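Pasting model.cif here (mmCIF, C-alpha atoms):
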```cif
data_data
loop_
_atom_site.label_atom_id
_atom_site.label_comp_id
_atom_site.auth_asym_id
_atom_site.auth_seq_id
_atom_site.Cartn_x
_atom_site.Cartn_y
_atom_site.Cartn_z
CA VAL A 1 97.71 103.43 94.10
CA HIS A 2 99.46 100.37 95.51
CA ALA A 3 103.18 99.84 94.95
CA ALA A 4 104.00 96.31 96.06
CA GLY A 5 107.59 97.25 96.37
CA LEU A 6 109.97 94.70 97.87
CA ILE A 7 112.94 94.63 95.46
CA LYS A 8 115.48 92.73 97.58
CA ALA A 9 114.97 90.17 100.31
CA ARG A 10 116.84 87.85 102.65
CA ARG A 11 114.63 84.89 101.63
CA PRO A 12 112.91 84.26 98.26
CA SER A 13 109.60 83.65 100.08
CA ASP A 14 109.67 87.24 101.36
CA PHE A 15 108.89 88.51 97.87
CA MET A 16 105.59 86.64 97.75
CA ALA A 17 104.71 87.63 101.30
CA VAL A 18 105.02 91.33 100.50
CA ASN A 19 104.36 91.73 96.79
CA ARG A 20 101.58 89.16 96.30
CA ASP A 21 100.04 88.79 99.75
CA GLY A 22 100.23 92.50 100.57
CA THR A 23 98.41 93.25 97.33
CA ALA A 24 95.76 90.65 98.10
CA LEU A 25 95.18 92.14 101.55
CA LEU A 26 94.74 95.65 100.20
CA SER A 27 92.43 94.41 97.46
CA ALA A 28 90.25 92.67 100.04
CA LEU A 29 90.13 95.74 102.29
CA ALA A 30 88.99 98.06 99.49
CA PRO A 31 86.87 95.92 97.16
CA GLU A 32 84.99 98.82 95.54
CA ALA A 33 87.85 101.29 95.16
CA THR A 34 89.87 101.57 91.96
CA LEU A 35 93.10 99.71 92.64
CA LEU A 36 96.09 100.89 90.62
CA LEU A 37 98.99 98.47 91.00
CA LEU A 38 102.50 99.68 90.25
CA SER A 39 104.21 96.59 88.88
CA SER A 40 107.39 95.96 86.90
CA LEU A 41 108.40 94.81 83.44
CA ALA A 42 109.99 91.92 85.32
CA ALA A 43 106.48 90.47 85.65
CA ARG A 44 106.64 89.69 81.93
CA GLU A 45 109.25 87.01 82.69
CA PRO A 46 108.15 85.40 85.99
CA GLN A 47 110.40 82.38 85.46
CA LEU A 48 113.56 84.45 85.89
CA SER A 49 113.48 85.20 89.61
CA PRO A 50 111.43 85.08 92.81
CA TYR A 51 111.00 88.86 92.48
CA ALA A 52 109.61 88.60 88.94
CA ALA A 53 107.32 85.73 89.97
CA SER A 54 105.97 87.76 92.89
CA LYS A 55 105.23 90.74 90.65
CA ARG A 56 103.30 88.52 88.22
CA ALA A 57 101.43 86.94 91.14
CA ALA A 58 100.46 90.40 92.42
CA GLU A 59 99.15 91.28 88.96
CA GLU A 60 97.05 88.12 88.91
CA VAL A 61 95.57 89.04 92.29
CA VAL A 62 94.53 92.45 90.98
CA ALA A 63 93.15 91.11 87.69
CA SER A 64 90.91 88.64 89.56
CA ARG A 65 89.26 91.22 91.84
CA SER A 66 85.64 92.24 91.40
CA GLY A 67 86.26 95.97 91.79
CA PRO A 68 87.85 98.33 89.23
CA TRP A 69 91.59 98.02 88.65
CA LEU A 70 94.56 98.62 86.39
CA THR A 71 98.20 97.54 86.51
CA VAL A 72 101.15 99.63 85.33
CA ARG A 73 104.41 97.84 84.58
CA ALA A 74 107.32 100.22 85.08
CA PRO A 75 110.76 99.79 83.50
CA ALA A 76 114.04 100.49 85.30
CA VAL A 77 113.33 103.70 87.25
CA TYR A 78 116.00 106.20 88.29
CA GLY A 79 116.03 109.63 89.89
CA PRO A 80 116.73 111.56 93.09
CA GLY A 81 116.84 109.41 96.21
CA ASP A 82 117.45 106.10 94.44
CA ARG A 83 120.38 104.26 96.02
CA GLU A 84 120.46 101.30 93.61
CA THR A 85 121.22 103.44 90.54
CA LEU A 86 123.68 105.47 92.61
CA ALA A 87 126.15 102.57 92.49
CA TYR A 88 126.20 102.80 88.68
CA PHE A 89 126.84 106.55 88.73
CA ARG A 90 129.62 106.12 91.29
CA ALA A 91 131.31 103.60 89.00
CA VAL A 92 131.06 105.96 86.02
CA ALA A 93 132.46 108.79 88.15
CA ARG A 94 135.50 106.56 88.69
CA GLY A 95 135.83 105.98 84.95
CA LEU A 96 134.10 102.59 84.54
CA ALA A 97 130.69 101.85 83.01
CA PRO A 98 129.78 98.24 83.95
CA ARG A 99 127.35 96.31 81.78
CA PRO A 100 126.30 92.69 81.43
CA LYS A 101 128.01 90.84 78.60
CA VAL A 102 124.84 90.37 76.57
CA PRO A 103 125.10 91.27 72.87
CA GLY A 104 122.29 93.54 71.72
CA ALA A 105 120.69 93.94 75.14
CA ARG A 106 118.11 96.75 75.35
CA LEU A 107 116.13 98.23 78.22
CA SER A 108 113.57 100.94 78.75
CA LEU A 109 114.07 103.59 81.43
CA MET A 110 111.99 106.26 83.16
CA HIS A 111 112.69 109.15 85.49
CA VAL A 112 110.83 108.82 88.78
CA GLU A 113 109.07 112.19 88.38
CA ASP A 114 107.65 111.14 85.01
CA LEU A 115 106.50 107.83 86.48
CA ALA A 116 104.81 109.65 89.35
CA GLU A 117 103.00 111.92 86.88
CA ALA A 118 101.85 108.92 84.84
CA LEU A 119 100.45 107.21 87.94
CA ALA A 120 98.70 110.40 89.05
CA LEU A 121 97.07 110.79 85.64
CA ALA A 122 96.04 107.13 85.59
CA ALA A 123 94.51 107.41 89.06
CA ASP A 124 92.66 110.59 88.09
CA ARG A 125 91.40 109.29 84.73
CA PRO A 126 91.60 105.49 84.88
CA PRO A 127 91.62 103.82 81.46
CA ALA A 128 89.97 100.44 80.89
CA ALA A 129 90.99 97.67 83.26
CA SER A 130 94.12 96.09 81.83
CA THR A 131 97.84 95.57 82.37
CA TYR A 132 99.83 98.40 80.80
CA GLU A 133 103.48 99.28 80.31
CA ILE A 134 105.09 102.72 80.59
CA ASP A 135 108.49 104.31 79.89
CA ASP A 136 110.05 107.62 78.82
CA GLY A 137 108.77 107.30 75.26
CA ARG A 138 112.01 106.12 73.63
CA GLU A 139 111.06 103.56 70.98
CA GLY A 140 113.24 100.48 71.28
CA GLY A 141 114.67 101.60 74.60
CA TYR A 142 118.38 102.08 75.22
CA GLY A 143 121.58 100.12 74.96
CA TYR A 144 124.10 100.09 77.80
CA GLN A 145 126.39 102.30 75.71
CA ASP A 146 123.65 104.95 75.64
CA MET A 147 123.57 104.88 79.44
CA ALA A 148 127.35 105.11 79.70
CA GLU A 149 127.51 108.08 77.36
CA ALA A 150 124.68 109.97 79.10
CA ALA A 151 126.16 109.37 82.56
CA GLY A 152 129.65 110.22 81.35
CA ARG A 153 128.55 113.55 79.89
CA ALA A 154 126.73 114.49 83.07
CA LEU A 155 129.75 113.54 85.20
CA GLY A 156 132.38 115.02 82.89
CA ARG A 157 133.98 111.63 82.28
CA ARG A 158 134.60 109.32 79.33
CA PRO A 159 134.11 105.98 81.04
CA LEU A 160 135.52 102.69 79.88
CA SER A 161 132.78 100.20 79.07
CA LEU A 162 133.31 97.12 81.24
CA ALA A 163 131.52 93.98 80.05
CA MET A 164 130.81 91.74 83.04
CA PRO A 165 130.65 88.01 82.21
CA ARG A 166 127.72 86.13 83.69
CA PRO A 167 129.91 83.74 85.79
CA VAL A 168 131.50 86.73 87.55
CA MET A 169 128.13 88.24 88.50
CA ALA A 170 126.82 84.82 89.49
CA MET A 171 129.77 84.32 91.84
CA VAL A 172 129.14 87.70 93.50
CA ALA A 173 125.47 86.78 93.86
CA ARG A 174 126.35 83.52 95.59
CA LEU A 175 128.67 85.37 97.96
CA ASN A 176 125.80 87.75 98.75
CA LEU A 177 123.59 84.77 99.62
CA LEU A 178 126.27 83.51 101.99
CA ARG A 179 126.46 86.93 103.68
CA HIS A 180 122.65 86.98 103.99
CA SER A 181 122.70 83.60 105.69
CA LEU A 182 125.27 84.89 108.17
CA GLY A 183 123.16 87.94 109.02
CA GLY A 184 124.80 90.47 106.71
CA SER A 185 122.93 93.33 105.05
CA VAL A 186 120.65 92.38 102.15
CA GLN A 187 122.10 93.12 98.71
CA ILE A 188 120.07 93.42 95.53
CA LEU A 189 122.37 91.20 93.46
CA SER A 190 121.03 87.66 93.92
CA PRO A 191 121.02 84.67 91.55
CA GLY A 192 117.53 85.69 90.45
CA LYS A 193 118.65 89.25 89.80
CA VAL A 194 121.51 87.90 87.67
CA ASN A 195 118.91 86.10 85.55
CA GLU A 196 117.07 89.39 85.12
CA ILE A 197 120.21 91.36 84.28
CA PHE A 198 121.22 88.89 81.57
CA HIS A 199 117.80 88.88 79.94
CA SER A 200 118.28 90.74 76.65
CA ASP A 201 114.95 92.55 76.26
CA TRP A 202 113.57 94.82 78.95
CA THR A 203 111.99 97.28 76.51
CA VAL A 204 108.38 98.43 76.59
CA HIS A 205 106.23 96.65 74.00
CA ASP A 206 102.88 98.30 74.78
CA ARG A 207 102.25 102.06 74.52
CA ARG A 208 98.49 102.11 75.11
CA LEU A 209 98.73 103.85 78.48
CA ALA A 210 100.81 106.82 77.33
CA ALA A 211 98.41 107.30 74.41
CA ALA A 212 95.33 107.09 76.65
CA LEU A 213 96.75 109.58 79.16
CA GLY A 214 98.33 111.95 76.62
CA LEU A 215 101.56 111.53 78.58
CA ALA A 216 104.59 113.52 77.43
CA PRO A 217 107.54 112.65 79.71
CA ARG A 218 109.72 115.62 80.65
CA TYR A 219 112.99 113.72 80.89
CA ASN A 220 114.87 111.90 78.18
CA LEU A 221 117.95 109.92 79.20
CA ALA A 222 120.44 112.79 78.95
CA ALA A 223 118.30 115.30 80.85
CA GLY A 224 117.18 112.73 83.40
CA PHE A 225 120.68 111.51 84.22
CA ALA A 226 121.98 115.09 84.43
CA GLN A 227 119.21 116.11 86.86
CA THR A 228 119.69 112.99 88.98
CA ILE A 229 123.47 113.37 89.18
CA LEU A 230 123.10 117.03 90.15
CA TRP A 231 120.77 115.97 92.99
CA TYR A 232 123.27 113.33 94.18
CA ARG A 233 126.05 115.89 94.20
CA ARG A 234 124.00 118.39 96.16
CA GLN A 235 123.31 115.70 98.76
CA GLY A 236 126.99 114.76 98.93
CA TRP A 237 126.27 111.24 97.61
CA LEU A 238 128.64 111.72 94.66
#
```

Give the structure from the file, written as structure tokens.
Amino acid sequence: VHAAGLIKARRPSDFMAVNRDGTALLSALAPEATLLLLSSLAAREPQLSPYAASKRAAEEVVASRSGPWLTVRAPAVYGPGDRETLAYFRAVARGLAPRPKVPGARLSLMHVEDLAEALALAADRPPAASTYEIDDGREGGYGYQDMAEAAGRALGRRPLSLAMPRPVMAMVARLNLLRHSLGGSVQILSPGKVNEIFHSDWTVHDRRLAAALGLAPRYNLAAGFAQTILWYRRQGWL
């Protein structure tokens, strides 16, 4: 299994260097092995960001190899240890549930333990070489209100839904770029990430992999958020 996993970078070119070129190097080093690439639904829309373009490029590297392969596009993944989703839960704990101001936006989600199980099954019993998608099994994915309600129940809060206009997020992203150029820590919110956030459809369209593996995810949104928040609290992160 190869997870080409750079999700934030100081320079756009860093995404290609890690996600595409790292995948190409591994593919060349193990030409006969089955290569399972963990990709992202972002690869479906490579025009949106350098990250999305690098994920699609990594997929193209894998699909062109002579040895056996398969690619798994994951949705937004959450669970214990994840610091990017932690920011959302911290906001909800304070009574605010931020969301992009995109009418009708939907996204698929998956708990990290269910994703790990899916990858283990796929590595053990590889289906036909192809690019697959995976999620927690929820047809049509979730709306941001579903996320707010699930997080609020787990945290014992009734958060206020806060619709963030695109110009506000874009301004924060530009400020992050300025901080990067001055040597500040790398933040995930970049202009490209804003493009991704304001894309209205990040739901899974293809369920062939779950059917081939007989996958039955253990966590729906409510149970997954509750387990994750409990872990954060035990670690003192919330």

Could you pull the residues within 12 Å of Ala120 in chain A, counting all atoms listed in the file, minus those fewer than 3 positions along the same chain, as a PyMOL selection string? chain A and resi 1-2+36+38+72+113-117+123-126+213+215

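Of the listed residues (A:Leu107, A:Ala97, A:Leu26, A:Ala170), A:Leu107 comes nearest to His199 in chain A; the distances count only C-alpha atoms.
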
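Distances here use all atoms listed in the file; by that measure, the residue among A:Leu25, A:Leu96, A:Ala210, A:Ala63 closest to Arg138 in chain A is A:Ala210.
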
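Remark: for Val204 in chain A, the closest of the candidate residues A:Ser161, A:Thr131, A:Thr34, A:Ser108 is A:Ser108 (distances computed over only C-alpha atoms).
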
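These residues, each with an atom at most 7 Å from (115.1, 107.0, 85.5) using all atoms listed in the file, are Ala76, Val77, Tyr78, Gly79, Leu109, Met110, His111, Val112 and Gly224 of chain A.
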
With distances taken over all atoms listed in the file, the candidate from A:Lys55, A:Arg20, A:Arg94, A:Lys101 nearest Met169 in chain A is A:Lys101

Write out as an MDAnalysis selection string the residues lying within 12 Å of Pro31 in chain A, counting only C-alpha atoms and excluding same-chain residues fewer than 2 positions away. chainID A and resid 23:29 33:35 62 64:69

Neighbouring residues of Asp14 in chain A were defined as those with any atom within 12 Å, considering only C-alpha atoms; residues of the same chain fewer than 6 positions away were excluded. Please report them as a short mmCIF file (atom, residue, chain, number, x, y, z; two decimals) with C-alpha atoms, keeping the file's coordinate frame.
```
data_model
loop_
_atom_site.label_atom_id
_atom_site.label_comp_id
_atom_site.auth_asym_id
_atom_site.auth_seq_id
_atom_site.Cartn_x
_atom_site.Cartn_y
_atom_site.Cartn_z
CA ALA A 4 104.00 96.31 96.06
CA GLY A 5 107.59 97.25 96.37
CA LEU A 6 109.97 94.70 97.87
CA ILE A 7 112.94 94.63 95.46
CA LYS A 8 115.48 92.73 97.58
CA ARG A 20 101.58 89.16 96.30
CA ASP A 21 100.04 88.79 99.75
CA GLY A 22 100.23 92.50 100.57
CA PRO A 50 111.43 85.08 92.81
CA TYR A 51 111.00 88.86 92.48
CA ALA A 53 107.32 85.73 89.97
CA SER A 54 105.97 87.76 92.89
#
```

CA of Arg208 in chain A to CA of Gly141 in chain A, distance in Å rounded to a single decimal: 16.2 Å
